[in-house]
Structures are given as C-alpha cells and as structure tokens.
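S.K.: My questions all concern the structure below.
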Amino acid sequence: MPGRFFDTNVLIYLVSSDAGKANRAETLLTEGGTISVQVLNEIANVARRKMRLSWEETHALLTSVRGFLVVRPLTLEIHETGLEISQRHGLSTYDAMIVASALDAGCDTLWSEDMHHGMVFEGRLRIVNPFRGPTP
C-alpha cells in the first residue's frame with residue numbers, strides 16, 4: 001500500500017507560531033506516514049539552532065514525531081540513489097536524499113513545502129505542498 005513521506009519543513013511547523021500551518025502539519029502527522037533518520041536529524045538541528053528550543057523540548061518534539069511516523073534508516077543504496085536524483089533533477093543533495101528515502105519506502109506522496117509542487121519521480125512519487133492545496 002503506497003504511503004506518505006514527510007519532508008522536514010512540514011514537521012517543523014508543529015512548533016511554529018503559524019497556527020494554520022501548525023494545525024495542518026498536526027493533522028497530517030496524526031494520519032501517519034514515514035520519515036527517514038535524516039528528517040529526525042534535520043528537525044533536531046532546526047529546533048536547536050534556528051528555533052532555540054531547549055534539549056528537553058527538542059527531545060519531546062522528536063519523541064512525538066517518532067510516535068506517529070515510521071522511521072526508516074539511511075542506507076548506502078539510498079545515498080547512491082539520492083546522488084543520482086540530485087544530478088538528474090538538479091535537487092540539493094539533502095532534498096534528493098529525502099526523495100530517495102521516500103522512493104525506497106514505496107511512498108506515493110512526499111509532503112514538502114520546499115520542493116516543486118506536483119513534480120513526479122520514477123512515475124510514482126509526487127511532491128505535494130500540503131499548505132498549497134490540490135495537486136495540479
């Protein structure tokens with residue numbers, strides 16, 4: 001059964017002052033999905049460095065996210081696929097690794113505010129900005 005993969009930027013809104021986006025992110029989170037360890041690492045980095053959350057708040061956020069979503073490991077194969085995707089599609093290395101992880105997980109939707117809304121990878125993974133509306 002295809003699933004939904006979360007980019008870091010969507011989950012960061014869980015602790016945002018933007019109530020509309022925070023509510024949308026929470027709704028999506030409670031419906032479940034998948035992330036990679038990379039997403040957890042990026043959340044921790046943003047929470048500590050940009051949002052200046054305490055370690056306690058950062059751990060609480062990560063624990064909450066892990067409670068709702070399946071966390072998949074990074075592998076050498078995902079790394080290699082990510083490099084190919086980055087080269088072929090001109091994505092940043094980090095975005096390409098997210099795409100590669102979503103493909104590896106068999107997902108059909110990648111929730112992302114930063115990537116190109118509506119773009120499709122491998123004929124099966126569509127980027128959807130959950131704050132924008134329906135996919136074109």
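Chain labels follow the order of the structure tokens: the first chain is A, the next B, and so on; residue numbering restarts at 1 in every chain, and ligands are counted from 1 in their shown order.
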Excluding Val70 of chain A and residues on its chain fewer than 5 positions from it, collect all residues at most 7 Å away from it, counting only C-alpha atoms, and give them as a list in words.
M.R.: Gly33, Thr34 and Ile35 of chain A
S.K.: Would you list the contacts of Ser64 of chain A as a PyMOL selection string, taking every protein, DNA or RNA residue within 12 Å and counting only C-alpha atoms, but skipping same-chain residues closer than 5 positions in sequence?
M.R.: chain A and resi 11+14-15+26+29-30+32+40+43+57-59+69-70
S.K.: Write out, as a short mmCIF file (atom, residue, chain, number, x, y, z; two decimals), in the first residue's frame, the residues just selected, with C-alpha atoms.
M.R.:
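Once everything was written out, this is part_5.cif:
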```
data_model
loop_
_atom_site.label_atom_id
_atom_site.label_comp_id
_atom_site.auth_asym_id
_atom_site.auth_seq_id
_atom_site.Cartn_x
_atom_site.Cartn_y
_atom_site.Cartn_z
CA LEU A 11 7.08 18.79 10.52
CA LEU A 14 4.35 21.54 14.55
CA VAL A 15 6.15 24.02 16.81
CA GLU A 26 -0.56 18.14 13.07
CA LEU A 29 1.11 13.78 11.36
CA THR A 30 -1.80 12.10 13.13
CA GLY A 32 0.63 8.71 9.84
CA LEU A 40 14.95 13.43 12.58
CA ILE A 43 14.44 18.51 12.94
CA GLU A 57 11.83 20.50 24.11
CA THR A 58 13.83 19.07 21.21
CA HIS A 59 13.67 15.54 22.62
CA LEU A 69 5.55 8.04 11.94
CA VAL A 70 7.54 5.07 10.74
#
```
S.K.: Rounded to one decimal in Å, what is the spacing between atom CA of Gly67 of chain A and atom CA of Arg4 of chain A?
M.R.: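 Interatomic distance here is 15.6 Å.
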S.K.: Please provide as JSON, numbers by chain all residues within 6 Å of Gly82 of chain A, with the sequence filter that same-chain residues fewer than 3 positions apart are discarded (counting only C-alpha atoms).
M.R.: {"A": [78, 79, 85, 96, 97, 100]}
S.K.: May I have the selected residues written with C-alpha atoms, as a tab-separated table (two decimals), in the first residue's frame?
M.R.:
```tsv
chain	number	residue	atom	x	y	z
A	78	ILE	CA	19.56	5.34	-0.63
A	79	HIS	CA	22.67	7.50	-0.66
A	85	ILE	CA	18.43	12.03	-8.32
A	96	ALA	CA	17.43	14.28	-3.20
A	97	MET	CA	18.15	12.04	-0.21
A	100	ALA	CA	15.40	8.62	-2.46
```
S.K.: Out of chain A, which residues get helix (DSSP H, G or I) from DSSP, as a VMD selection string?
M.R.: chain A and resid 8 to 15 19 to 30 37 to 50 55 to 68 76 to 89 93 to 104
S.K.: What would the file look like if the residues just selected were written as an mmCIF file, in the first residue's frame with C-alpha atoms?
M.R.:
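Contents of result-v5.cif, freshly written:
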```
data_model
loop_
_atom_site.group_PDB
_atom_site.id
_atom_site.type_symbol
_atom_site.label_atom_id
_atom_site.label_comp_id
_atom_site.auth_asym_id
_atom_site.auth_seq_id
_atom_site.Cartn_x
_atom_site.Cartn_y
_atom_site.Cartn_z
ATOM 1 C CA THR A 8 11.445 18.138 7.480
ATOM 2 C CA ASN A 9 9.970 21.537 6.629
ATOM 3 C CA VAL A 10 6.398 20.283 7.084
ATOM 4 C CA LEU A 11 7.079 18.792 10.522
ATOM 5 C CA ILE A 12 8.869 21.890 11.795
ATOM 6 C CA TYR A 13 5.521 23.689 11.617
ATOM 7 C CA LEU A 14 4.350 21.541 14.546
ATOM 8 C CA VAL A 15 6.149 24.019 16.808
ATOM 9 C CA ALA A 19 -1.369 28.397 13.621
ATOM 10 C CA GLY A 20 -2.792 27.435 10.221
ATOM 11 C CA LYS A 21 0.311 25.564 9.127
ATOM 12 C CA ALA A 22 0.819 24.072 12.587
ATOM 13 C CA ASN A 23 -2.743 22.673 12.535
ATOM 14 C CA ARG A 24 -2.309 21.277 9.016
ATOM 15 C CA ALA A 25 1.020 19.652 9.949
ATOM 16 C CA GLU A 26 -0.556 18.138 13.068
ATOM 17 C CA THR A 27 -3.481 16.735 11.080
ATOM 18 C CA LEU A 28 -1.099 15.128 8.582
ATOM 19 C CA LEU A 29 1.107 13.777 11.361
ATOM 20 C CA THR A 30 -1.804 12.104 13.128
ATOM 21 C CA VAL A 37 16.585 9.262 10.176
ATOM 22 C CA GLN A 38 17.774 12.244 8.091
ATOM 23 C CA VAL A 39 14.473 14.009 8.850
ATOM 24 C CA LEU A 40 14.950 13.430 12.582
ATOM 25 C CA ASN A 41 18.479 14.846 12.347
ATOM 26 C CA GLU A 42 17.261 17.909 10.448
ATOM 27 C CA ILE A 43 14.437 18.510 12.941
ATOM 28 C CA ALA A 44 16.924 18.362 15.820
ATOM 29 C CA ASN A 45 19.233 20.785 14.051
ATOM 30 C CA VAL A 46 16.497 23.316 13.237
ATOM 31 C CA ALA A 47 14.914 23.009 16.681
ATOM 32 C CA ARG A 48 18.186 23.727 18.470
ATOM 33 C CA ARG A 49 19.892 26.149 16.084
ATOM 34 C CA LYS A 50 17.091 28.181 14.500
ATOM 35 C CA TRP A 55 17.245 19.968 24.683
ATOM 36 C CA GLU A 56 14.183 18.856 26.637
ATOM 37 C CA GLU A 57 11.828 20.498 24.113
ATOM 38 C CA THR A 58 13.832 19.073 21.211
ATOM 39 C CA HIS A 59 13.668 15.540 22.623
ATOM 40 C CA ALA A 60 9.926 15.925 23.268
ATOM 41 C CA LEU A 61 9.345 17.019 19.658
ATOM 42 C CA LEU A 62 11.400 14.127 18.276
ATOM 43 C CA THR A 63 9.644 11.619 20.544
ATOM 44 C CA SER A 64 6.248 12.914 19.420
ATOM 45 C CA VAL A 65 7.163 12.653 15.736
ATOM 46 C CA ARG A 66 8.562 9.136 16.192
ATOM 47 C CA GLY A 67 5.326 8.146 17.935
ATOM 48 C CA PHE A 68 3.232 8.855 14.836
ATOM 49 C CA LEU A 76 24.238 3.170 1.124
ATOM 50 C CA GLU A 77 21.699 2.341 -1.589
ATOM 51 C CA ILE A 78 19.556 5.339 -0.632
ATOM 52 C CA HIS A 79 22.673 7.502 -0.659
ATOM 53 C CA GLU A 80 23.609 6.334 -4.174
ATOM 54 C CA THR A 81 20.047 6.804 -5.444
ATOM 55 C CA GLY A 82 19.944 10.247 -3.865
ATOM 56 C CA LEU A 83 23.129 11.276 -5.655
ATOM 57 C CA GLU A 84 21.655 10.112 -8.985
ATOM 58 C CA ILE A 85 18.426 12.032 -8.319
ATOM 59 C CA SER A 86 20.365 15.160 -7.377
ATOM 60 C CA GLN A 87 22.399 15.004 -10.569
ATOM 61 C CA ARG A 88 19.464 14.149 -12.836
ATOM 62 C CA HIS A 89 16.908 16.598 -11.423
ATOM 63 C CA THR A 93 21.750 16.724 -2.102
ATOM 64 C CA TYR A 94 19.616 16.808 1.037
ATOM 65 C CA ASP A 95 16.332 17.088 -0.887
ATOM 66 C CA ALA A 96 17.433 14.281 -3.205
ATOM 67 C CA MET A 97 18.149 12.044 -0.206
ATOM 68 C CA ILE A 98 14.615 12.699 1.063
ATOM 69 C CA VAL A 99 13.219 11.747 -2.363
ATOM 70 C CA ALA A 100 15.399 8.623 -2.460
ATOM 71 C CA SER A 101 14.218 7.611 1.020
ATOM 72 C CA ALA A 102 10.574 8.124 0.043
ATOM 73 C CA LEU A 103 11.047 6.020 -3.081
ATOM 74 C CA ASP A 104 12.797 3.299 -1.081
#
```
S.K.: Return the single residue from A:Ala105, A:Phe5, A:Leu53, A:Asp114 that is closest to Ser92 of chain A, with distances computed using only C-alpha atoms.
M.R.: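 Distance minimum relative to Ser92 of chain A lands on A:Asp114.
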S.K.: By how many Å are atom CA of Trp111 of chain A and atom CA of Gly3 of chain A apart?
M.R.: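 Going from atom CA of Trp111 of chain A over to atom CA of Gly3 of chain A covers 10.7 Å.
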S.K.: Suppose you want the space between atom CA of Gly90 of chain A and atom CA of Thr109 of chain A; what is it in Å?
M.R.: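 Atom-to-atom, atom CA of Gly90 of chain A and atom CA of Thr109 of chain A are spaced 19.6 Å apart.
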S.K.: Could you pull the residues within 10 Å of His116 of chain A, counting only C-alpha atoms, minus those fewer than 6 positions along the same chain, as a list in words?
M.R.: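 Final neighbour list, sorted by chain and number: Leu91, Arg126, Ile127, Val128 and Asn129 of chain A.
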S.K.: Those residues with N, CA and C atoms, as a PDB file, in the first residue's frame please?
M.R.:
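Ended up saving to selection12.pdb:
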```pdb
ATOM      1  N   LEU A  91      18.235  18.730  -7.857  1.00  0.00           N
ATOM      2  CA  LEU A  91      17.846  18.973  -6.471  1.00  0.00           C
ATOM      3  C   LEU A  91      19.084  19.098  -5.596  1.00  0.00           C
ATOM      4  N   ARG A 126       4.903  11.672  -5.976  1.00  0.00           N
ATOM      5  CA  ARG A 126       4.513  13.056  -6.283  1.00  0.00           C
ATOM      6  C   ARG A 126       4.815  13.965  -5.097  1.00  0.00           C
ATOM      7  N   ILE A 127       5.429  15.102  -5.386  1.00  0.00           N
ATOM      8  CA  ILE A 127       5.666  16.129  -4.374  1.00  0.00           C
ATOM      9  C   ILE A 127       4.368  16.914  -4.202  1.00  0.00           C
ATOM     10  N   VAL A 128       3.914  17.039  -2.958  1.00  0.00           N
ATOM     11  CA  VAL A 128       2.697  17.780  -2.674  1.00  0.00           C
ATOM     12  C   VAL A 128       2.987  18.769  -1.545  1.00  0.00           C
ATOM     13  N   ASN A 129       2.721  20.045  -1.816  1.00  0.00           N
ATOM     14  CA  ASN A 129       2.814  21.066  -0.784  1.00  0.00           C
ATOM     15  C   ASN A 129       1.493  21.041  -0.020  1.00  0.00           C
TER      16      ASN A 129
END
```
